[in-house]
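With compact mmCIF, C-alpha atoms inside, this is protein.txt:
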```
# COMPACT_ATOMS: atom_id res chain seq x y z
CA MET A 227 9.19 34.51 70.60
CA ALA A 228 8.66 35.32 74.23
CA GLU A 229 9.89 38.49 75.85
CA ALA A 230 13.58 39.17 75.37
CA ARG A 231 15.69 37.72 78.12
CA LYS A 232 18.31 39.71 79.90
CA SER A 233 21.71 38.66 78.71
CA MET A 234 25.19 40.02 78.65
CA ILE A 235 28.43 39.52 76.75
CA LYS A 236 31.67 40.49 78.42
CA ILE A 237 35.06 40.64 76.75
CA LYS A 238 38.07 40.21 79.02
CA PRO A 239 40.49 41.95 79.20
CA LYS A 240 39.03 45.32 78.18
CA LYS A 241 42.06 46.41 76.13
CA PHE A 242 43.37 44.02 73.52
CA LYS A 243 45.14 43.95 70.19
CA VAL A 244 44.69 41.98 66.98
CA GLY A 245 46.19 38.55 67.55
CA ASP A 246 45.43 38.47 71.28
CA THR A 247 43.28 35.75 72.76
CA VAL A 248 40.37 37.18 74.72
CA LYS A 249 37.79 35.60 76.99
CA VAL A 250 34.22 35.89 75.78
CA ASP A 251 31.79 35.52 78.69
CA PHE A 252 28.09 35.09 78.08
CA ILE A 253 25.52 35.26 80.85
CA VAL A 254 21.75 34.95 80.42
CA ILE A 255 18.88 35.13 82.90
CA HIS A 256 17.09 31.82 82.37
CA PRO A 257 15.29 29.45 84.84
CA MET A 258 16.94 26.23 83.48
CA GLU A 259 14.15 24.03 84.93
CA THR A 260 15.10 20.35 85.06
CA GLY A 261 11.54 19.05 84.92
CA LEU A 262 12.03 17.36 88.31
CA LYS A 263 11.20 20.15 90.74
CA LYS A 264 7.79 20.67 92.28
CA ASP A 265 6.09 24.01 92.46
CA LYS A 266 5.58 24.63 96.19
CA LYS A 267 2.30 26.51 95.67
CA THR A 268 0.46 24.16 93.31
CA GLY A 269 2.25 20.88 94.07
CA LYS A 270 2.63 20.20 90.36
CA ILE A 271 5.91 19.33 88.70
CA LYS A 272 7.36 22.23 86.77
CA PRO A 273 7.95 21.33 83.12
CA ALA A 274 11.52 21.19 81.86
CA HIS A 275 12.71 24.49 80.42
CA TYR A 276 16.33 24.86 79.54
CA ILE A 277 18.63 26.30 76.90
CA ASP A 278 19.76 23.57 74.52
CA ASN A 279 21.78 25.20 71.77
CA ILE A 280 24.18 28.12 71.78
CA THR A 281 26.21 29.46 68.88
CA PHE A 282 29.01 32.00 69.24
CA SER A 283 29.84 33.70 65.96
CA PHE A 284 32.06 36.49 64.72
CA ASP A 285 30.70 38.49 61.77
CA GLY A 286 28.33 35.66 60.92
CA LYS A 287 30.98 32.95 61.07
CA PRO A 288 30.32 30.55 63.96
CA PHE A 289 33.44 29.69 65.96
CA THR A 290 31.93 27.76 68.87
CA THR A 291 28.71 25.82 69.16
CA MET A 292 27.38 24.25 72.34
CA LYS A 293 24.85 21.60 73.14
CA VAL A 294 23.51 22.25 76.62
CA TRP A 295 21.46 20.04 78.95
CA GLU A 296 19.33 20.86 81.98
CA THR A 297 22.20 20.04 84.36
CA VAL A 298 23.64 23.54 83.86
CA SER A 299 22.86 26.01 86.65
CA THR A 300 20.10 28.61 86.68
CA ASN A 301 21.14 31.86 84.97
CA PRO A 302 23.88 30.07 83.09
CA TYR A 303 27.33 31.39 82.39
CA PHE A 304 29.49 30.23 79.50
CA SER A 305 33.01 31.35 78.81
CA VAL A 306 35.18 30.57 75.78
CA ASN A 307 38.31 32.02 74.23
CA TYR A 308 38.54 33.85 70.94
CA LYS A 309 41.58 34.88 68.96
CA VAL A 310 40.99 38.41 67.70
CA THR A 311 41.45 38.79 63.94
CA GLY A 312 40.12 42.32 63.52
CA LYS A 313 37.18 44.65 64.05
CA GLY A 314 33.80 43.04 64.01
CA LYS A 315 30.81 41.88 66.00
CA ILE A 316 30.48 38.89 68.30
CA THR A 317 27.00 37.41 68.24
CA VAL A 318 25.55 34.77 70.53
CA ASP A 319 22.42 32.96 69.38
CA TYR A 320 20.63 30.62 71.74
CA THR A 321 17.50 28.50 71.64
CA ASP A 322 15.76 26.62 74.43
CA ASN A 323 13.75 23.42 74.47
CA THR A 324 10.44 25.31 74.14
CA GLY A 325 11.61 26.82 70.85
CA GLU A 326 12.40 30.25 72.20
CA LYS A 327 15.09 32.02 70.17
CA ASN A 328 17.20 34.99 71.18
CA THR A 329 20.36 36.75 70.11
CA LYS A 330 22.80 39.10 71.72
CA SER A 331 25.74 40.84 70.14
CA LYS A 332 28.67 43.03 71.06
CA LYS A 333 31.19 44.96 68.98
CA LEU A 334 34.80 43.90 69.11
CA LYS A 335 37.19 46.83 68.87
CA PRO A 336 40.87 45.88 69.02
CA LYS A 337 43.36 48.69 69.56
CA GLY A 338 46.60 48.73 67.62
CA MET B 85 -37.24 30.16 96.88
CA LYS B 86 -34.01 31.82 96.01
CA ARG B 87 -32.48 30.92 99.30
CA ARG B 88 -33.55 27.29 98.93
CA LYS B 89 -32.01 27.10 95.44
CA PHE B 90 -28.83 28.60 96.71
CA ILE B 91 -28.51 26.08 99.52
CA LYS B 92 -29.23 23.20 97.13
CA SER B 93 -26.57 24.33 94.71
CA MET B 94 -24.12 24.75 97.56
CA LEU B 95 -24.78 21.18 98.69
CA ALA B 96 -24.29 19.86 95.17
CA ALA B 97 -21.05 21.76 94.81
CA SER B 98 -19.69 20.47 98.09
CA ALA B 99 -20.61 16.90 97.07
CA VAL B 100 -18.64 17.33 93.84
CA ALA B 101 -15.69 18.74 95.74
CA ALA B 102 -15.80 15.80 98.16
CA THR B 103 -15.61 13.30 95.32
CA VAL B 104 -12.83 15.19 93.55
CA THR B 105 -10.42 15.69 96.45
CA PRO B 106 -9.68 12.01 97.20
CA VAL B 107 -8.81 11.49 93.54
CA ALA B 108 -6.42 14.45 93.67
CA LEU B 109 -4.85 13.06 96.83
CA MET B 110 -4.41 9.65 95.24
CA ALA B 111 -2.67 11.24 92.29
CA LYS B 112 -0.33 13.03 94.66
CA GLU B 113 0.59 9.81 96.46
CA GLU B 114 1.21 8.06 93.16
CA ALA B 115 3.46 10.88 92.09
CA LYS B 116 5.47 10.40 95.27
CA LYS B 117 5.89 6.68 94.64
CA THR B 118 7.08 7.08 91.07
CA ALA B 119 9.72 9.74 91.50
CA PRO B 120 10.08 11.74 88.29
CA LYS B 121 13.00 10.82 86.09
CA SER B 122 14.93 13.18 83.95
CA PRO B 123 13.62 13.08 80.37
CA ASN B 124 17.22 12.89 79.13
CA ALA B 125 18.41 10.42 81.77
CA LEU B 126 21.82 9.00 80.84
CA THR B 127 24.42 7.24 82.95
CA ILE B 128 28.05 8.30 82.77
CA ASP B 129 29.17 5.16 80.93
CA ALA B 130 26.41 5.49 78.34
CA ALA B 131 27.24 9.16 77.92
CA ILE B 132 30.95 8.49 77.38
CA ASP B 133 30.10 5.70 74.94
CA ALA B 134 27.78 8.02 73.04
CA ILE B 135 30.48 10.71 72.83
CA THR B 136 33.45 8.53 71.98
CA GLY B 137 31.58 5.97 69.91
CA GLY B 138 32.58 3.14 72.24
CA LYS B 139 36.30 3.93 72.03
CA GLY B 140 36.64 5.19 75.57
CA ALA B 141 38.95 7.94 76.77
CA LYS B 142 42.47 8.00 78.22
CA ASP B 143 43.27 9.78 81.45
CA SER B 144 45.68 12.60 80.71
CA ASP B 145 47.39 15.51 82.48
CA LYS B 146 46.76 17.63 79.42
CA VAL B 147 43.20 18.22 80.55
CA GLN B 148 43.19 20.62 83.46
CA LEU B 149 39.90 20.49 85.27
CA THR B 150 39.26 23.16 87.88
CA VAL B 151 36.43 22.44 90.31
CA PRO B 152 36.01 23.26 94.00
CA GLU B 153 36.87 20.42 96.40
CA ILE B 154 33.86 21.19 98.54
CA ALA B 155 30.80 22.87 97.08
CA GLU B 156 28.40 24.21 99.69
CA ASN B 157 25.61 24.68 97.19
CA GLY B 158 25.16 21.97 94.60
CA ALA B 159 23.00 24.22 92.45
CA VAL B 160 25.95 26.36 91.42
CA VAL B 161 29.28 24.58 90.97
CA PRO B 162 31.84 26.43 88.84
CA VAL B 163 33.70 24.22 86.37
CA LYS B 164 36.69 25.27 84.29
CA VAL B 165 38.37 23.13 81.65
CA ASN B 166 41.70 23.97 80.06
CA VAL B 167 43.26 21.68 77.48
CA ASP B 168 47.00 22.03 76.98
CA HIS B 169 46.98 21.43 73.25
CA PRO B 170 47.79 23.64 70.25
CA MET B 171 44.90 25.17 68.29
CA GLU B 172 46.28 25.03 64.76
CA GLU B 173 44.55 24.49 61.46
CA ASN B 174 44.97 20.70 61.39
CA ASN B 175 45.78 19.97 64.99
CA TYR B 176 43.29 21.31 67.47
CA VAL B 177 40.85 20.42 70.21
CA LYS B 178 37.59 19.59 68.50
CA ALA B 179 35.30 19.47 71.50
CA ILE B 180 35.15 19.72 75.27
CA HIS B 181 32.50 17.80 77.16
CA VAL B 182 31.58 18.33 80.81
CA LEU B 183 30.00 15.36 82.58
CA ALA B 184 28.78 14.72 86.13
CA ALA B 185 28.92 11.05 87.12
CA LYS B 186 25.89 10.67 89.37
CA ASN B 187 23.41 13.19 88.01
CA GLY B 188 20.21 11.83 86.44
CA ASN B 189 21.50 13.11 83.14
CA SER B 190 25.28 13.02 83.31
CA ARG B 191 25.86 15.15 80.25
CA CYS B 192 26.12 18.84 81.05
CA VAL B 193 27.59 20.68 78.09
CA ASP B 194 29.21 19.70 74.80
CA VAL B 195 31.34 22.52 73.40
CA MET B 196 32.43 22.29 69.78
CA LEU B 197 35.55 24.36 69.28
CA THR B 198 37.36 25.55 66.16
CA PRO B 199 40.92 26.82 65.62
CA ALA B 200 39.49 30.38 65.78
CA ASN B 201 39.19 29.98 69.55
CA GLY B 202 42.94 30.40 70.02
CA LYS B 203 42.99 28.36 73.21
CA ALA B 204 41.05 25.32 74.30
CA TYR B 205 39.26 26.76 77.30
CA PHE B 206 35.74 26.55 78.61
CA ALA B 207 34.05 27.59 81.85
CA THR B 208 30.51 27.29 83.12
CA ARG B 209 28.46 26.55 86.24
CA ILE B 210 26.64 23.26 86.70
CA LYS B 211 24.20 21.60 89.12
CA LEU B 212 25.25 18.57 91.12
CA GLY B 213 22.74 16.30 92.85
CA GLY B 214 25.25 15.09 95.45
CA THR B 215 28.88 14.27 96.09
CA GLN B 216 30.29 12.90 92.85
CA GLU B 217 32.95 13.01 90.18
CA VAL B 218 33.02 15.69 87.54
CA VAL B 219 34.61 14.62 84.26
CA GLY B 220 36.19 16.84 81.64
CA LEU B 221 36.51 15.07 78.30
CA ALA B 222 38.34 16.52 75.32
CA GLU B 223 38.15 15.32 71.73
CA LEU B 224 41.22 16.03 69.60
CA SER B 225 41.10 16.58 65.87
CA ASP B 226 42.90 13.27 65.22
CA GLY B 227 39.95 11.42 66.74
CA SER B 228 41.45 10.52 70.11
CA PHE B 229 39.86 11.32 73.44
CA ILE B 230 41.51 12.44 76.66
CA ARG B 231 39.88 13.02 80.02
CA ALA B 232 40.36 14.18 83.59
CA ALA B 233 38.12 13.61 86.58
CA LYS B 234 37.85 15.19 90.02
CA SER B 235 35.42 14.55 92.82
CA VAL B 236 33.39 17.33 94.40
CA LYS B 237 31.86 17.13 97.86
CA VAL B 238 28.39 18.61 97.89
CA THR B 239 26.70 19.57 101.15
CA ILE B 240 23.34 20.61 99.66
CA GLY B 241 22.18 18.91 96.47
CA GLY B 242 21.06 21.05 93.57
CA CYS B 243 18.91 18.76 91.46
CA GLY B 244 15.23 18.12 92.09
```

Please express what this file holds, its structure, as structure tokens.
Amino acid sequence: MAEARKSMIKIKPKKFKVGDTVKVDFIVIHPMETGLKKDKKTGKIKPAHYIDNITFSFDGKPFTTMKVWETVSTNPYFSVNYKVTGKGKITVDYTDNTGEKNTKSKKLKPKG
Amino acid sequence: MKRRKFIKSMLAASAVAATVTPVALMAKEEAKKTAPKSPNALTIDAAIDAITGGKGAKDSDKVQLTVPEIAENGAVVPVKVNVDHPMEENNYVKAIHVLAAKNGNSRCVDVMLTPANGKAYFATRIKLGGTQEVVGLAELSDGSFIRAAKSVKVTIGGCG
């Protein structure tokens, strides 16, 4: 595993209740190289390097999985909805085509 | 003697360099001729066939695709897909696919949803190589496919 990448999970809106549908935004700092660009300094083609699998889960139960290709922008952003069922933890696992694995999680605290 | 050795070695080194550089240049020219292709290159028709299993998809108003009409920078194009469909236990949106018609690899993201999502919604940012259509394709739990497409004008391409 390479160095941990900077990533962030945002829950929108900030205040929510059980039964509400919230937006779960996930942003990660990743180059998302297509394998087509040339390095300006060396003149060599940069190898493809992109995230290919993402899993959103709540308390270990996956609710959304994604298959991603290199056509997604640098520092990708993914947003899905989630219907809150109670207190717990949202975890996002992602792997890229070089085999790098990372996880990020955030607590979900509904009020009322 | 030392000086003589040094000069000799320098000459040898320069001779090696002289023979190497043309080869490197040739390689560069060849690389220009054979433009690199995406390792996952897929046309839009092939991609839709692969997703739907040859069934094809119907155009529908249920899929609401939100993309900018004109994107100044093709490297970052926001895409939002909303599917107006219930998310119940046996009747839900199974997957949302985002495709770009003229990119080397037209598939961008496949999102597998479950009823726990509450609403069929997905947003991301994609790269577009030029002016083209962006397609939002939704798979329903009964096995049917619906789609919506919108064209985006790109002033600066974002791929390669």

Using only C-alpha atoms: which of B:Ile230, B:Ile154, B:Val161, B:Ala96 has the shortest distance to chain A: B:Val161

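Near chain B, within 8 Å and counting all atoms listed in the file, the residues of chain A are Thr247, Thr260, Gly261, Leu262, Lys263, Lys264, Phe289, Thr290, Thr291, Met292, Lys293, Val294, Trp295, Glu296, Thr297, Val298, Ser299, Thr300, Pro302, Tyr303, Phe304, Ser305, Val306, Asn307, Tyr308 and Lys309 of chain A.
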
Using CA of Asp319 (chain A) and CA of Met171 (chain B) as the two end points, give the distance in Å to one decimal.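 Straight-line distance from CA of Asp319 (chain A) to CA of Met171 (chain B) works out to 23.8 Å.
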
At what distance in Å, to one decimal, does CA of Thr136 (chain B) lie from CA of Lys237 (chain B)? 27.3 Å

Coordinates-based distance that separates CA of Thr150 (chain B) from CA of Gly214 (chain B) (Å, one decimal): 17.9 Å

At a cut-off of 7 Å, using only C-alpha atoms, what residues contact Ile277 (chain A)? Leave out same-chain residues fewer than 4 positions from it and give the result as a ChimeraX atom specification. /A:258,294,321-323

Please supply region 170-206 of chain B, rebuilt with N, CA and C atoms, as a PDB file, in the coordinates of the input.
```pdb
ATOM      1  N   PRO B 170      47.803  22.528  71.206  1.00  0.00           N
ATOM      2  CA  PRO B 170      47.790  23.640  70.250  1.00  0.00           C
ATOM      3  C   PRO B 170      46.452  23.738  69.519  1.00  0.00           C
ATOM      4  N   MET B 171      46.129  24.949  69.068  1.00  0.00           N
ATOM      5  CA  MET B 171      44.900  25.170  68.290  1.00  0.00           C
ATOM      6  C   MET B 171      45.317  25.628  66.905  1.00  0.00           C
ATOM      7  N   GLU B 172      45.862  24.707  66.121  1.00  0.00           N
ATOM      8  CA  GLU B 172      46.280  25.030  64.760  1.00  0.00           C
ATOM      9  C   GLU B 172      45.295  24.462  63.756  1.00  0.00           C
ATOM     10  N   GLU B 173      45.523  24.821  62.505  1.00  0.00           N
ATOM     11  CA  GLU B 173      44.550  24.490  61.460  1.00  0.00           C
ATOM     12  C   GLU B 173      44.205  22.989  61.417  1.00  0.00           C
ATOM     13  N   ASN B 174      45.231  22.140  61.514  1.00  0.00           N
ATOM     14  CA  ASN B 174      44.970  20.700  61.390  1.00  0.00           C
ATOM     15  C   ASN B 174      45.207  19.923  62.681  1.00  0.00           C
ATOM     16  N   ASN B 175      45.485  20.625  63.722  1.00  0.00           N
ATOM     17  CA  ASN B 175      45.780  19.970  64.990  1.00  0.00           C
ATOM     18  C   ASN B 175      45.180  20.801  66.114  1.00  0.00           C
ATOM     19  N   TYR B 176      43.960  20.494  66.462  1.00  0.00           N
ATOM     20  CA  TYR B 176      43.290  21.310  67.470  1.00  0.00           C
ATOM     21  C   TYR B 176      42.340  20.465  68.310  1.00  0.00           C
ATOM     22  N   VAL B 177      41.825  21.096  69.343  1.00  0.00           N
ATOM     23  CA  VAL B 177      40.850  20.420  70.210  1.00  0.00           C
ATOM     24  C   VAL B 177      39.472  20.628  69.590  1.00  0.00           C
ATOM     25  N   LYS B 178      38.853  19.524  69.230  1.00  0.00           N
ATOM     26  CA  LYS B 178      37.590  19.590  68.500  1.00  0.00           C
ATOM     27  C   LYS B 178      36.423  19.922  69.428  1.00  0.00           C
ATOM     28  N   ALA B 179      36.438  19.301  70.607  1.00  0.00           N
ATOM     29  CA  ALA B 179      35.300  19.470  71.500  1.00  0.00           C
ATOM     30  C   ALA B 179      35.703  19.263  72.953  1.00  0.00           C
ATOM     31  N   ILE B 180      34.996  19.941  73.832  1.00  0.00           N
ATOM     32  CA  ILE B 180      35.150  19.720  75.270  1.00  0.00           C
ATOM     33  C   ILE B 180      33.778  19.322  75.810  1.00  0.00           C
ATOM     34  N   HIS B 181      33.761  18.234  76.554  1.00  0.00           N
ATOM     35  CA  HIS B 181      32.500  17.800  77.160  1.00  0.00           C
ATOM     36  C   HIS B 181      32.641  17.868  78.674  1.00  0.00           C
ATOM     37  N   VAL B 182      31.603  18.321  79.347  1.00  0.00           N
ATOM     38  CA  VAL B 182      31.580  18.330  80.810  1.00  0.00           C
ATOM     39  C   VAL B 182      30.514  17.337  81.252  1.00  0.00           C
ATOM     40  N   LEU B 183      30.929  16.398  82.127  1.00  0.00           N
ATOM     41  CA  LEU B 183      30.000  15.360  82.580  1.00  0.00           C
ATOM     42  C   LEU B 183      30.007  15.289  84.101  1.00  0.00           C
ATOM     43  N   ALA B 184      28.860  14.937  84.683  1.00  0.00           N
ATOM     44  CA  ALA B 184      28.780  14.720  86.130  1.00  0.00           C
ATOM     45  C   ALA B 184      28.305  13.289  86.340  1.00  0.00           C
ATOM     46  N   ALA B 185      29.102  12.508  87.095  1.00  0.00           N
ATOM     47  CA  ALA B 185      28.920  11.050  87.120  1.00  0.00           C
ATOM     48  C   ALA B 185      27.577  10.590  87.672  1.00  0.00           C
ATOM     49  N   LYS B 186      27.066  11.218  88.706  1.00  0.00           N
ATOM     50  CA  LYS B 186      25.890  10.670  89.370  1.00  0.00           C
ATOM     51  C   LYS B 186      24.610  11.474  89.157  1.00  0.00           C
ATOM     52  N   ASN B 187      24.642  12.458  88.299  1.00  0.00           N
ATOM     53  CA  ASN B 187      23.410  13.190  88.010  1.00  0.00           C
ATOM     54  C   ASN B 187      22.490  12.306  87.178  1.00  0.00           C
ATOM     55  N   GLY B 188      21.169  12.597  87.223  1.00  0.00           N
ATOM     56  CA  GLY B 188      20.210  11.830  86.440  1.00  0.00           C
ATOM     57  C   GLY B 188      20.618  11.830  84.978  1.00  0.00           C
ATOM     58  N   ASN B 189      20.947  12.992  84.485  1.00  0.00           N
ATOM     59  CA  ASN B 189      21.500  13.110  83.140  1.00  0.00           C
ATOM     60  C   ASN B 189      22.945  13.560  83.309  1.00  0.00           C
ATOM     61  N   SER B 190      23.888  12.661  83.004  1.00  0.00           N
ATOM     62  CA  SER B 190      25.280  13.020  83.310  1.00  0.00           C
ATOM     63  C   SER B 190      25.874  14.023  82.335  1.00  0.00           C
ATOM     64  N   ARG B 191      25.292  14.180  81.173  1.00  0.00           N
ATOM     65  CA  ARG B 191      25.860  15.150  80.250  1.00  0.00           C
ATOM     66  C   ARG B 191      25.458  16.552  80.666  1.00  0.00           C
ATOM     67  N   CYS B 192      26.435  17.456  80.707  1.00  0.00           N
ATOM     68  CA  CYS B 192      26.120  18.840  81.050  1.00  0.00           C
ATOM     69  C   CYS B 192      26.220  19.728  79.825  1.00  0.00           C
ATOM     70  N   VAL B 193      27.409  19.837  79.271  1.00  0.00           N
ATOM     71  CA  VAL B 193      27.590  20.680  78.090  1.00  0.00           C
ATOM     72  C   VAL B 193      28.554  19.984  77.126  1.00  0.00           C
ATOM     73  N   ASP B 194      28.264  20.090  75.833  1.00  0.00           N
ATOM     74  CA  ASP B 194      29.210  19.700  74.800  1.00  0.00           C
ATOM     75  C   ASP B 194      29.604  20.996  74.091  1.00  0.00           C
ATOM     76  N   VAL B 195      30.874  21.289  74.043  1.00  0.00           N
ATOM     77  CA  VAL B 195      31.340  22.520  73.400  1.00  0.00           C
ATOM     78  C   VAL B 195      32.150  22.134  72.179  1.00  0.00           C
ATOM     79  N   MET B 196      31.699  22.562  71.013  1.00  0.00           N
ATOM     80  CA  MET B 196      32.430  22.290  69.780  1.00  0.00           C
ATOM     81  C   MET B 196      33.315  23.494  69.478  1.00  0.00           C
ATOM     82  N   LEU B 197      34.611  23.258  69.491  1.00  0.00           N
ATOM     83  CA  LEU B 197      35.550  24.360  69.280  1.00  0.00           C
ATOM     84  C   LEU B 197      36.097  24.338  67.852  1.00  0.00           C
ATOM     85  N   THR B 198      36.687  25.440  67.452  1.00  0.00           N
ATOM     86  CA  THR B 198      37.360  25.550  66.160  1.00  0.00           C
ATOM     87  C   THR B 198      38.712  26.214  66.392  1.00  0.00           C
ATOM     88  N   PRO B 199      39.625  26.174  65.425  1.00  0.00           N
ATOM     89  CA  PRO B 199      40.920  26.820  65.620  1.00  0.00           C
ATOM     90  C   PRO B 199      40.795  28.321  65.899  1.00  0.00           C
ATOM     91  N   ALA B 200      39.682  28.950  65.538  1.00  0.00           N
ATOM     92  CA  ALA B 200      39.490  30.380  65.780  1.00  0.00           C
ATOM     93  C   ALA B 200      39.428  30.716  67.254  1.00  0.00           C
ATOM     94  N   ASN B 201      39.274  29.715  68.112  1.00  0.00           N
ATOM     95  CA  ASN B 201      39.190  29.980  69.550  1.00  0.00           C
ATOM     96  C   ASN B 201      40.539  30.386  70.144  1.00  0.00           C
ATOM     97  N   GLY B 202      41.624  29.998  69.516  1.00  0.00           N
ATOM     98  CA  GLY B 202      42.940  30.400  70.020  1.00  0.00           C
ATOM     99  C   GLY B 202      43.442  29.495  71.115  1.00  0.00           C
ATOM    100  N   LYS B 203      42.611  29.245  72.115  1.00  0.00           N
ATOM    101  CA  LYS B 203      42.990  28.360  73.210  1.00  0.00           C
ATOM    102  C   LYS B 203      41.808  27.465  73.543  1.00  0.00           C
ATOM    103  N   ALA B 204      42.126  26.232  73.932  1.00  0.00           N
ATOM    104  CA  ALA B 204      41.050  25.320  74.300  1.00  0.00           C
ATOM    105  C   ALA B 204      40.685  25.580  75.756  1.00  0.00           C
ATOM    106  N   TYR B 205      39.677  26.388  75.960  1.00  0.00           N
ATOM    107  CA  TYR B 205      39.260  26.760  77.300  1.00  0.00           C
ATOM    108  C   TYR B 205      37.753  26.861  77.331  1.00  0.00           C
ATOM    109  N   PHE B 206      37.184  26.411  78.448  1.00  0.00           N
ATOM    110  CA  PHE B 206      35.740  26.550  78.610  1.00  0.00           C
ATOM    111  C   PHE B 206      35.404  26.631  80.092  1.00  0.00           C
TER     112      PHE B 206
END
```
